[in-house]
Every structure is written in C-alpha cells, then in structure tokens.
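Visitor: What follows is entry23.pdb; its format and atoms are PDB, C-alpha atoms.
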```pdb
ATOM      1  CA  MET A   1     -19.481  -6.360  25.434
ATOM      2  CA  GLU A   2     -20.464  -3.567  27.789
ATOM      3  CA  GLY A   3     -17.163  -1.777  27.132
ATOM      4  CA  LEU A   4     -17.870  -1.721  23.389
ATOM      5  CA  TRP A   5     -21.279  -0.216  24.060
ATOM      6  CA  GLU A   6     -19.882   2.489  26.290
ATOM      7  CA  ARG A   7     -17.010   3.444  23.946
ATOM      8  CA  ASN A   8     -19.241   3.881  20.893
ATOM      9  CA  PRO A   9     -21.580   6.893  21.348
ATOM     10  CA  ASP A  10     -23.537   5.894  18.221
ATOM     11  CA  MET A  11     -24.914   2.820  19.986
ATOM     12  CA  ARG A  12     -26.815   4.875  22.557
ATOM     13  CA  GLU A  13     -28.094   7.330  19.929
ATOM     14  CA  LEU A  14     -29.237   4.566  17.584
ATOM     15  CA  TYR A  15     -30.605   2.026  20.035
ATOM     16  CA  GLY A  16     -31.162   3.897  23.293
ATOM     17  CA  ASN A  17     -30.876   1.558  26.252
ATOM     18  CA  ALA A  18     -32.154  -1.470  24.287
ATOM     19  CA  ARG A  19     -29.654  -4.254  24.628
ATOM     20  CA  ASP A  20     -31.743  -7.140  23.321
ATOM     21  CA  TYR A  21     -30.190  -8.529  20.154
ATOM     22  CA  LEU A  22     -30.632 -11.385  17.736
ATOM     23  CA  VAL A  23     -27.299 -13.200  17.805
ATOM     24  CA  SER A  24     -26.070 -15.230  14.851
ATOM     25  CA  PHE A  25     -23.074 -17.526  14.754
ATOM     26  CA  GLU A  26     -21.409 -18.220  11.424
ATOM     27  CA  LEU A  27     -18.607 -20.573  10.565
ATOM     28  CA  CYS A  28     -16.729 -18.685   7.843
ATOM     29  CA  VAL A  29     -14.532 -20.760   5.567
ATOM     30  CA  ILE A  30     -12.390 -18.632   3.260
ATOM     31  CA  SER A  31     -10.735 -20.245   0.242
ATOM     32  CA  PRO A  32      -6.946 -20.348  -0.084
ATOM     33  CA  HIS A  33      -5.378 -17.199  -1.593
ATOM     34  CA  TYR A  34      -8.568 -15.153  -1.227
ATOM     35  CA  SER A  35      -8.667 -11.512  -0.162
ATOM     36  CA  TYR A  36     -11.761  -9.654   1.057
ATOM     37  CA  LYS A  37     -11.553  -5.917   0.352
ATOM     38  CA  TRP A  38     -11.764  -3.055   2.841
ATOM     39  CA  HIS A  39     -15.336  -2.673   4.090
ATOM     40  CA  CYS A  40     -17.553  -1.562   6.947
ATOM     41  CA  ASP A  41     -20.194  -3.954   8.185
ATOM     42  CA  VAL A  42     -23.811  -3.646   7.122
ATOM     43  CA  ASP A  43     -26.076  -1.699   9.499
ATOM     44  CA  ARG A  44     -27.658  -4.815  10.977
ATOM     45  CA  LYS A  45     -24.324  -5.774  12.570
ATOM     46  CA  GLY A  46     -24.274  -3.615  15.692
ATOM     47  CA  PHE A  47     -21.374  -5.594  17.138
ATOM     48  CA  THR A  48     -19.225  -8.294  15.591
ATOM     49  CA  GLY A  49     -16.938 -10.886  17.117
ATOM     50  CA  VAL A  50     -14.415 -12.880  15.110
ATOM     51  CA  VAL A  51     -12.763 -15.941  16.658
ATOM     52  CA  TYR A  52      -9.816 -17.495  14.820
ATOM     53  CA  TRP A  53      -9.972 -21.258  14.522
ATOM     54  CA  GLY A  54      -6.908 -23.301  13.704
ATOM     55  CA  LYS A  55      -3.167 -23.485  14.249
ATOM     56  CA  ASP A  56      -2.161 -20.723  11.845
ATOM     57  CA  GLY A  57      -3.689 -18.166   9.527
ATOM     58  CA  ASP A  58      -3.966 -14.529   8.570
ATOM     59  CA  GLY A  59      -5.617 -12.198  11.054
ATOM     60  CA  THR A  60      -7.759  -9.132  10.438
ATOM     61  CA  VAL A  61      -6.599  -5.634   9.524
ATOM     62  CA  LEU A  62      -8.484  -2.740  11.153
ATOM     63  CA  LYS A  63      -8.355   0.862   9.988
ATOM     64  CA  SER A  64      -9.846   4.094  11.285
ATOM     65  CA  GLY A  65      -8.560   7.333   9.789
ATOM     66  CA  GLU A  66      -4.765   7.163   9.635
ATOM     67  CA  THR A  67      -4.587   4.388  12.241
ATOM     68  CA  CYS A  68      -4.168   0.892  10.845
ATOM     69  CA  MET A  69      -3.387  -2.276  12.811
ATOM     70  CA  GLN A  70      -3.075  -5.981  12.152
ATOM     71  CA  VAL A  71      -4.704  -8.361  14.634
ATOM     72  CA  ASN A  72      -2.456 -11.398  14.416
ATOM     73  CA  TRP A  73      -3.843 -14.889  14.120
ATOM     74  CA  LYS A  74      -3.858 -17.038  17.225
ATOM     75  CA  HIS A  75      -6.097 -20.069  17.684
ATOM     76  CA  ASN A  76      -9.171 -19.148  19.729
ATOM     77  CA  ARG A  77      -8.280 -15.416  19.812
ATOM     78  CA  GLY A  78     -11.390 -13.243  19.779
ATOM     79  CA  LEU A  79     -11.629  -9.828  18.166
ATOM     80  CA  TRP A  80     -14.627  -7.599  18.940
ATOM     81  CA  PHE A  81     -15.635  -4.358  17.263
ATOM     82  CA  SER A  82     -18.725  -2.200  16.925
ATOM     83  CA  ASN A  83     -20.229  -0.709  13.811
ATOM     84  CA  HIS A  84     -20.533   2.884  12.627
ATOM     85  CA  HIS A  85     -23.465   5.279  12.523
ATOM     86  CA  PRO A  86     -25.390   4.676   9.242
ATOM     87  CA  LYS A  87     -25.197   8.410   8.438
ATOM     88  CA  MET A  88     -21.427   8.552   8.986
ATOM     89  CA  ASP A  89     -19.559   9.848   5.942
ATOM     90  CA  THR A  90     -17.290   7.264   4.290
ATOM     91  CA  LYS A  91     -14.370   9.665   4.800
ATOM     92  CA  ASP A  92     -15.020  10.163   8.516
ATOM     93  CA  PRO A  93     -11.784   9.245  10.333
ATOM     94  CA  LEU A  94     -13.724   7.346  13.009
ATOM     95  CA  ARG A  95     -15.403   5.012  10.524
ATOM     96  CA  PRO A  96     -14.305   1.422  11.363
ATOM     97  CA  TRP A  97     -12.937  -0.265   8.220
ATOM     98  CA  HIS A  98     -11.561  -3.795   8.157
ATOM     99  CA  MET A  99     -10.340  -6.414   5.712
ATOM    100  CA  TYR A 100      -8.997  -9.939   5.794
ATOM    101  CA  LYS A 101      -7.245 -12.336   3.485
ATOM    102  CA  ASN A 102      -6.023 -15.874   3.309
ATOM    103  CA  THR A 103      -2.481 -16.197   1.963
ATOM    104  CA  ARG A 104      -2.301 -19.886   2.904
ATOM    105  CA  ASN A 105      -2.748 -22.982   0.734
ATOM    106  CA  LYS A 106      -5.584 -24.208   2.939
ATOM    107  CA  PRO A 107      -8.923 -22.725   4.043
ATOM    108  CA  ARG A 108      -9.106 -19.957   6.686
ATOM    109  CA  TYR A 109     -11.637 -20.727   9.444
ATOM    110  CA  THR A 110     -13.273 -18.202  11.739
ATOM    111  CA  VAL A 111     -16.385 -18.229  13.874
ATOM    112  CA  ASN A 112     -18.193 -14.898  13.510
ATOM    113  CA  ILE A 113     -20.668 -13.725  16.120
ATOM    114  CA  ASN A 114     -22.995 -10.934  14.995
ATOM    115  CA  PHE A 115     -25.315  -8.964  17.267
ATOM    116  CA  THR A 116     -28.315  -7.592  15.360
ATOM    117  CA  PRO A 117     -30.140  -4.767  17.200
ATOM    118  CA  GLN A 118     -33.935  -4.989  17.594
ATOM    119  CA  VAL A 119     -34.549  -2.345  14.928
ATOM    120  CA  PHE A 120     -32.938  -4.559  12.244
ATOM    121  CA  ILE A 121     -34.296  -8.000  13.222
ATOM    122  CA  ASN A 122     -37.387  -7.815  10.995
ATOM    123  CA  GLU A 123     -35.268  -6.690   8.023
ATOM    124  CA  LEU A 124     -32.859  -9.591   8.579
ATOM    125  CA  ILE A 125     -35.693 -12.122   8.804
ATOM    126  CA  MET A 126     -37.322 -10.741   5.642
ATOM    127  CA  ASN A 127     -33.992 -10.956   3.798
ATOM    128  CA  LYS A 128     -33.591 -14.572   4.920
ATOM    129  CA  LYS A 129     -37.229 -15.467   4.150
ATOM    130  CA  PRO A 130     -36.544 -17.042   0.716
ATOM    131  CA  GLN A 131     -33.848 -19.230   2.238
ATOM    132  CA  LEU A 132     -36.090 -20.287   5.128
ATOM    133  CA  GLU A 133     -39.073 -20.955   2.820
ATOM    134  CA  TYR A 134     -36.916 -23.052   0.494
ATOM    135  CA  CYS A 135     -35.796 -25.168   3.426
ATOM    136  CA  LEU A 136     -39.363 -25.598   4.684
ATOM    137  CA  ASN A 137     -40.795 -26.407   1.229
ATOM    138  CA  VAL A 138     -38.025 -28.590  -0.197
ATOM    139  CA  GLY A 139     -36.840 -30.151   3.043
ATOM    140  CA  GLU A 140     -33.185 -29.241   2.681
ATOM    141  CA  PRO A 141     -31.191 -26.099   3.358
ATOM    142  CA  ILE A 142     -29.839 -23.780   0.713
ATOM    143  CA  TRP A 143     -26.866 -21.591   1.521
ATOM    144  CA  LEU A 144     -27.141 -17.857   0.988
ATOM    145  CA  SER A 145     -24.604 -15.477   2.448
ATOM    146  CA  MET A 146     -25.580 -13.453   5.502
ATOM    147  CA  GLY A 147     -23.721 -10.544   3.865
ATOM    148  CA  GLU A 148     -20.951  -8.409   5.240
TER     149      GLU A 148
END
```
Starting from the file, lay out its structure as structure tokens.
Guide:
Amino acid sequence: MEGLWERNPDMRELYGNARDYLVSFELCVISPHYSYKWHCDVDRKGFTGVVYWGKDGDGTVLKSGETCMQVNWKHNRGLWFSNHHPKMDTKDPLRPWHMYKNTRNKPRYTVNINFTPQVFINELIMNKKPQLEYCLNVGEPIWLSMGE
C-alpha cells in the first residue's frame, strides 16, 4: 500500500499525510457474458484492490495513455491501483483507465477492497443513507450498488 502512495503524487496533494481511510469490502458477482466498459473509479476510491476468486475467469485490462495490459486471472491474485486527480483531463495519458468482462458461462467473482479517504467519507455515508435507513426501518437489507 505504501508503494502505491509514494508512486502517485496526486495522493499527497489531495490528502496530505492523512492515511486514515474507510475501507469497504465488496463481493462482486458479474453475470456470464457481461462486459463493463472502460472507466476510471469515482473520486471516493483513493485506492482499489481486486482479488480474483475461483479457478478460472477473465482478468482486468488496465490502460494509461498508449500503454495497455491484461492482468490475467489467477485464483487469489490481487491487483492494486490508485485513482487519478479529480481535475485530471480525461485525455491525460497518466489517467488510469480499466475495464473487465466475463466471457464465461458462469458468474465472475472478485473481492474488491476500496480505500475511501477521509475527505470523502461523509459523502459516501450520505449516499448510502437511504439504504441504511431502509434496513433500520424495515428490518432487512436492500442492495444498492456502491458505484464504480
């Protein structure tokens, strides 16, 4: 984790020396023959970890400028990457794009670990408030995506 922090100069500019994060774990189940388009993570995801779960599957494709690479699937393999500066132009060659797909006839399972910096924790909680209130009032959970 420290290496990611040191290699991304935006982290120090955006968050200073604060390294206290809200950490969320998500089990992501992707339907067979589904493809998720190229995207950059939302600002609240300062760092993201993806751990592949299962015997076989499709990995993740990373792109920055002209450089593109496939991270191949391997059970329990972890992939870590940091986010971009919110003011970074979408055409900036350093902007970290990624995509994934599931070409298999069975679900694709990953465990995603997202580190939310202090400055975004309140926003995340307010976005999740309707989901939390529903659970408290009705007594059962309702699923709403955490968002990419």
Visitor: Using only C-alpha atoms, which residue out of A:Glu66, A:Glu26, A:Glu13, A:Asp58 lies closest to A:Met99?
Guide: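 Counting only C-alpha atoms, the residue closest to A:Met99 is A:Asp58.
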Visitor: Which value, in Å to one decimal, gives the distance between atom CA of A:Gly46 and atom CA of A:Tyr34?
Guide: 25.8 Å
Visitor: In Å, rounded to a single decimal, give me how far atom CA of A:Val111 is from atom CA of A:Gly49.
Guide: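 If I compute the distance from atom CA of A:Gly49 to atom CA of A:Val111, I get 8.0 Å.
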Visitor: Within 6 Å of (-17.8, 2.3, 15.6) (file coordinates; only C-alpha atoms), which protein or nucleic acid residues are there? I'd like them as number ranges by chain.
Guide: A: 8, 82-84, 96
Visitor: Mind dumping the selected residues with C-alpha atoms as an mmCIF file, in the frame of the given file?
Guide:
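Dumped to out31.cif:
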```cif
data_model
loop_
_atom_site.group_PDB
_atom_site.id
_atom_site.type_symbol
_atom_site.label_atom_id
_atom_site.label_comp_id
_atom_site.auth_asym_id
_atom_site.auth_seq_id
_atom_site.Cartn_x
_atom_site.Cartn_y
_atom_site.Cartn_z
ATOM 1 C CA ASN A 8 -19.241 3.881 20.893
ATOM 2 C CA SER A 82 -18.725 -2.200 16.925
ATOM 3 C CA ASN A 83 -20.229 -0.709 13.811
ATOM 4 C CA HIS A 84 -20.533 2.884 12.627
ATOM 5 C CA PRO A 96 -14.305 1.422 11.363
#
```
Visitor: Restricting the calculation to only C-alpha atoms, which member of A:Pro141, A:Val71, A:Asp20, A:Asp10 is positioned closest to A:Val119?
Guide: A:Asp20
Visitor: Between A:Arg44, A:Asn102, A:His33, A:Phe25, which is the closest to A:Ile121 once you count only C-alpha atoms?
Guide: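 Residue with the minimum atom-to-atom distance to A:Ile121: A:Arg44.
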Visitor: Near A:Lys63, within 8 Å and counting only C-alpha atoms, which residues show up once chain neighbours fewer than 5 positions away are dropped, as a PyMOL selection string?
Guide: chain A and resi 68-69+96-98
Visitor: List the residues matched by the PyMOL selection byres ((chain A and resi 131) around 8) in the displayed structure as a ChimeraX atom specification, ordered by chain and then by residue number.
Guide: /A:128-130,132-135,141-144
Visitor: Quick one: of A:Asn122, A:Thr90, A:Thr110, A:Asn127, who's nearest to A:Thr60, counting only C-alpha atoms?
Guide: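 Of the candidates, the smallest distance to A:Thr60 is held by A:Thr110.
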Visitor: Any chance you could work out the residue set of the PyMOL selection byres ((chain A and resi 115) around 7) here, as a list in words?
Guide: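 Matching residues under the PyMOL selection byres ((chain A and resi 115) around 7) are Tyr21, Leu22, Val23, Ser24, Lys45, Gly46, Phe47, Thr48, Ile113, Asn114, Thr116 and Pro117 of chain A.
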Visitor: Selected residues, C-alpha atoms, written as a PDB file, in the frame of the given file, please.
Guide:
```
ATOM      1  CA  TYR A  21     -30.190  -8.529  20.154  1.00  0.00           C
ATOM      2  CA  LEU A  22     -30.632 -11.385  17.736  1.00  0.00           C
ATOM      3  CA  VAL A  23     -27.299 -13.200  17.805  1.00  0.00           C
ATOM      4  CA  SER A  24     -26.070 -15.230  14.851  1.00  0.00           C
ATOM      5  CA  LYS A  45     -24.324  -5.774  12.570  1.00  0.00           C
ATOM      6  CA  GLY A  46     -24.274  -3.615  15.692  1.00  0.00           C
ATOM      7  CA  PHE A  47     -21.374  -5.594  17.138  1.00  0.00           C
ATOM      8  CA  THR A  48     -19.225  -8.294  15.591  1.00  0.00           C
ATOM      9  CA  ILE A 113     -20.668 -13.725  16.120  1.00  0.00           C
ATOM     10  CA  ASN A 114     -22.995 -10.934  14.995  1.00  0.00           C
ATOM     11  CA  THR A 116     -28.315  -7.592  15.360  1.00  0.00           C
ATOM     12  CA  PRO A 117     -30.140  -4.767  17.200  1.00  0.00           C
TER      13      PRO A 117
END
```
Visitor: In Å, rounded to a single decimal, give me how far atom CA of A:Gly54 is from atom CA of A:His75.
Guide: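 Here the two named atoms are 5.2 Å from each other.
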Visitor: Once the PyMOL selection byres ((chain A and resi 94) around 7) has been evaluated on this model, what residues remain selected, and can you format them as a VMD selection string?
Guide: chain A and resid 64 to 65 92 to 93 95 to 96
Visitor: Counting all atoms listed in the file, which of A:Trp53, A:Lys74, A:Pro86, A:Cys28 gets nearest to A:Cys40?
Guide: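 Result for the nearest residue to A:Cys40: A:Pro86.
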Visitor: Taking all atoms of stretch 23-40 of chain A that appear in the file, build a box with edges along x, y and z, extend it by 6 Å on every side, and state its centre and edge lengths in Å to one decimal, as JSON.
Guide:
```
{"center_x": -16.3, "center_y": -11.2, "center_z": 8.1, "size_x": 33.9, "size_y": 31.2, "size_z": 31.4}
```
Visitor: When distances are computed from only C-alpha atoms, which of A:Asn112, A:Gly57, A:Lys91, A:Arg77 shows the smallest separation from A:Ser31?
Guide: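 Ranked by minimum distance to A:Ser31, first place goes to A:Gly57.
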Visitor: Any chance you could export stretch 26-70 of chain A with N, CA and C atoms, as a compact mmCIF listing (two decimals), in the first residue's frame?
Guide:
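File result26.txt, as written:
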```
# COMPACT_ATOMS: atom_id res chain seq x y z
N GLU A 26 -16.20 -5.62 -0.95
CA GLU A 26 -17.38 -5.97 -1.75
C GLU A 26 -17.13 -7.29 -2.46
N LEU A 27 -18.09 -8.17 -2.38
CA LEU A 27 -18.05 -9.36 -3.21
C LEU A 27 -18.77 -8.98 -4.50
N CYS A 28 -18.06 -8.97 -5.60
CA CYS A 28 -18.65 -8.59 -6.89
C CYS A 28 -18.91 -9.84 -7.71
N VAL A 29 -20.15 -10.04 -8.06
CA VAL A 29 -20.56 -11.18 -8.87
C VAL A 29 -21.05 -10.63 -10.21
N ILE A 30 -20.31 -10.95 -11.27
CA ILE A 30 -20.61 -10.45 -12.59
C ILE A 30 -21.25 -11.57 -13.41
N SER A 31 -22.37 -11.26 -14.03
CA SER A 31 -23.13 -12.24 -14.81
C SER A 31 -22.31 -12.78 -15.98
N PRO A 32 -22.62 -13.99 -16.43
CA PRO A 32 -21.96 -14.54 -17.61
C PRO A 32 -22.15 -13.62 -18.82
N HIS A 33 -21.12 -13.53 -19.64
CA HIS A 33 -21.13 -12.78 -20.90
C HIS A 33 -21.45 -11.30 -20.71
N TYR A 34 -20.94 -10.74 -19.62
CA TYR A 34 -21.14 -9.32 -19.32
C TYR A 34 -19.82 -8.59 -19.50
N SER A 35 -19.87 -7.38 -20.00
CA SER A 35 -18.67 -6.57 -20.17
C SER A 35 -18.90 -5.20 -19.55
N TYR A 36 -17.96 -4.77 -18.69
CA TYR A 36 -18.04 -3.44 -18.09
C TYR A 36 -17.07 -2.54 -18.82
N LYS A 37 -17.57 -1.45 -19.34
CA LYS A 37 -16.82 -0.53 -20.22
C LYS A 37 -15.60 0.09 -19.54
N TRP A 38 -14.76 0.72 -20.36
CA TRP A 38 -13.61 1.46 -19.84
C TRP A 38 -14.11 2.54 -18.89
N HIS A 39 -13.44 2.69 -17.76
CA HIS A 39 -13.82 3.71 -16.78
C HIS A 39 -12.65 3.99 -15.84
N CYS A 40 -12.75 5.13 -15.18
CA CYS A 40 -11.88 5.47 -14.05
C CYS A 40 -12.77 5.43 -12.82
N ASP A 41 -12.20 5.07 -11.70
CA ASP A 41 -13.00 4.99 -10.48
C ASP A 41 -13.50 6.36 -10.03
N VAL A 42 -14.59 6.34 -9.28
CA VAL A 42 -15.12 7.57 -8.70
C VAL A 42 -14.10 8.12 -7.70
N ASP A 43 -14.19 9.41 -7.41
CA ASP A 43 -13.20 10.09 -6.56
C ASP A 43 -13.05 9.46 -5.18
N ARG A 44 -14.13 8.90 -4.65
CA ARG A 44 -14.05 8.37 -3.29
C ARG A 44 -13.18 7.12 -3.18
N LYS A 45 -12.79 6.54 -4.32
CA LYS A 45 -11.92 5.37 -4.30
C LYS A 45 -10.47 5.82 -4.48
N GLY A 46 -9.81 6.12 -3.36
CA GLY A 46 -8.41 6.54 -3.44
C GLY A 46 -7.51 5.42 -3.91
N PHE A 47 -7.74 4.23 -3.40
CA PHE A 47 -7.03 3.02 -3.79
C PHE A 47 -8.05 1.90 -3.94
N THR A 48 -7.79 1.00 -4.84
CA THR A 48 -8.67 -0.14 -5.05
C THR A 48 -7.83 -1.41 -5.16
N GLY A 49 -8.32 -2.46 -4.53
CA GLY A 49 -7.74 -3.79 -4.67
C GLY A 49 -8.79 -4.71 -5.25
N VAL A 50 -8.39 -5.55 -6.18
CA VAL A 50 -9.28 -6.56 -6.76
C VAL A 50 -8.61 -7.91 -6.56
N VAL A 51 -9.32 -8.85 -5.94
CA VAL A 51 -8.80 -10.19 -5.73
C VAL A 51 -9.69 -11.16 -6.48
N TYR A 52 -9.09 -11.93 -7.38
CA TYR A 52 -9.83 -12.89 -8.19
C TYR A 52 -10.15 -14.13 -7.36
N TRP A 53 -11.38 -14.61 -7.50
CA TRP A 53 -11.85 -15.70 -6.67
C TRP A 53 -12.42 -16.79 -7.57
N GLY A 54 -11.77 -17.90 -7.63
CA GLY A 54 -12.25 -19.02 -8.42
C GLY A 54 -11.17 -19.57 -9.34
N LYS A 55 -11.43 -20.77 -9.85
CA LYS A 55 -10.44 -21.50 -10.64
C LYS A 55 -10.06 -20.79 -11.94
N ASP A 56 -11.04 -20.23 -12.64
CA ASP A 56 -10.72 -19.56 -13.90
C ASP A 56 -11.64 -18.37 -14.11
N GLY A 57 -11.21 -17.47 -14.98
CA GLY A 57 -12.01 -16.28 -15.25
C GLY A 57 -11.23 -15.32 -16.13
N ASP A 58 -11.84 -14.18 -16.36
CA ASP A 58 -11.22 -13.12 -17.14
C ASP A 58 -10.68 -12.08 -16.18
N GLY A 59 -9.45 -11.66 -16.40
CA GLY A 59 -8.81 -10.68 -15.54
C GLY A 59 -9.30 -9.27 -15.80
N THR A 60 -8.43 -8.31 -15.54
CA THR A 60 -8.74 -6.89 -15.69
C THR A 60 -7.77 -6.30 -16.71
N VAL A 61 -8.27 -5.38 -17.53
CA VAL A 61 -7.43 -4.71 -18.50
C VAL A 61 -7.19 -3.29 -18.00
N LEU A 62 -5.92 -2.89 -17.92
CA LEU A 62 -5.53 -1.56 -17.46
C LEU A 62 -4.97 -0.77 -18.64
N LYS A 63 -5.27 0.53 -18.66
CA LYS A 63 -4.77 1.37 -19.75
C LYS A 63 -4.42 2.74 -19.20
N SER A 64 -3.27 3.25 -19.64
CA SER A 64 -2.84 4.60 -19.32
C SER A 64 -2.09 5.11 -20.53
N GLY A 65 -2.66 6.10 -21.21
CA GLY A 65 -2.06 6.59 -22.45
C GLY A 65 -2.07 5.50 -23.50
N GLU A 66 -0.91 5.24 -24.09
CA GLU A 66 -0.79 4.20 -25.11
C GLU A 66 -0.49 2.83 -24.52
N THR A 67 -0.25 2.78 -23.22
CA THR A 67 0.10 1.52 -22.56
C THR A 67 -1.16 0.80 -22.12
N CYS A 68 -1.29 -0.44 -22.54
CA CYS A 68 -2.45 -1.26 -22.19
C CYS A 68 -1.94 -2.64 -21.79
N MET A 69 -2.46 -3.18 -20.68
CA MET A 69 -2.02 -4.52 -20.26
C MET A 69 -3.16 -5.29 -19.65
N GLN A 70 -3.13 -6.58 -19.86
CA GLN A 70 -4.11 -7.51 -19.30
C GLN A 70 -3.52 -8.14 -18.05
```
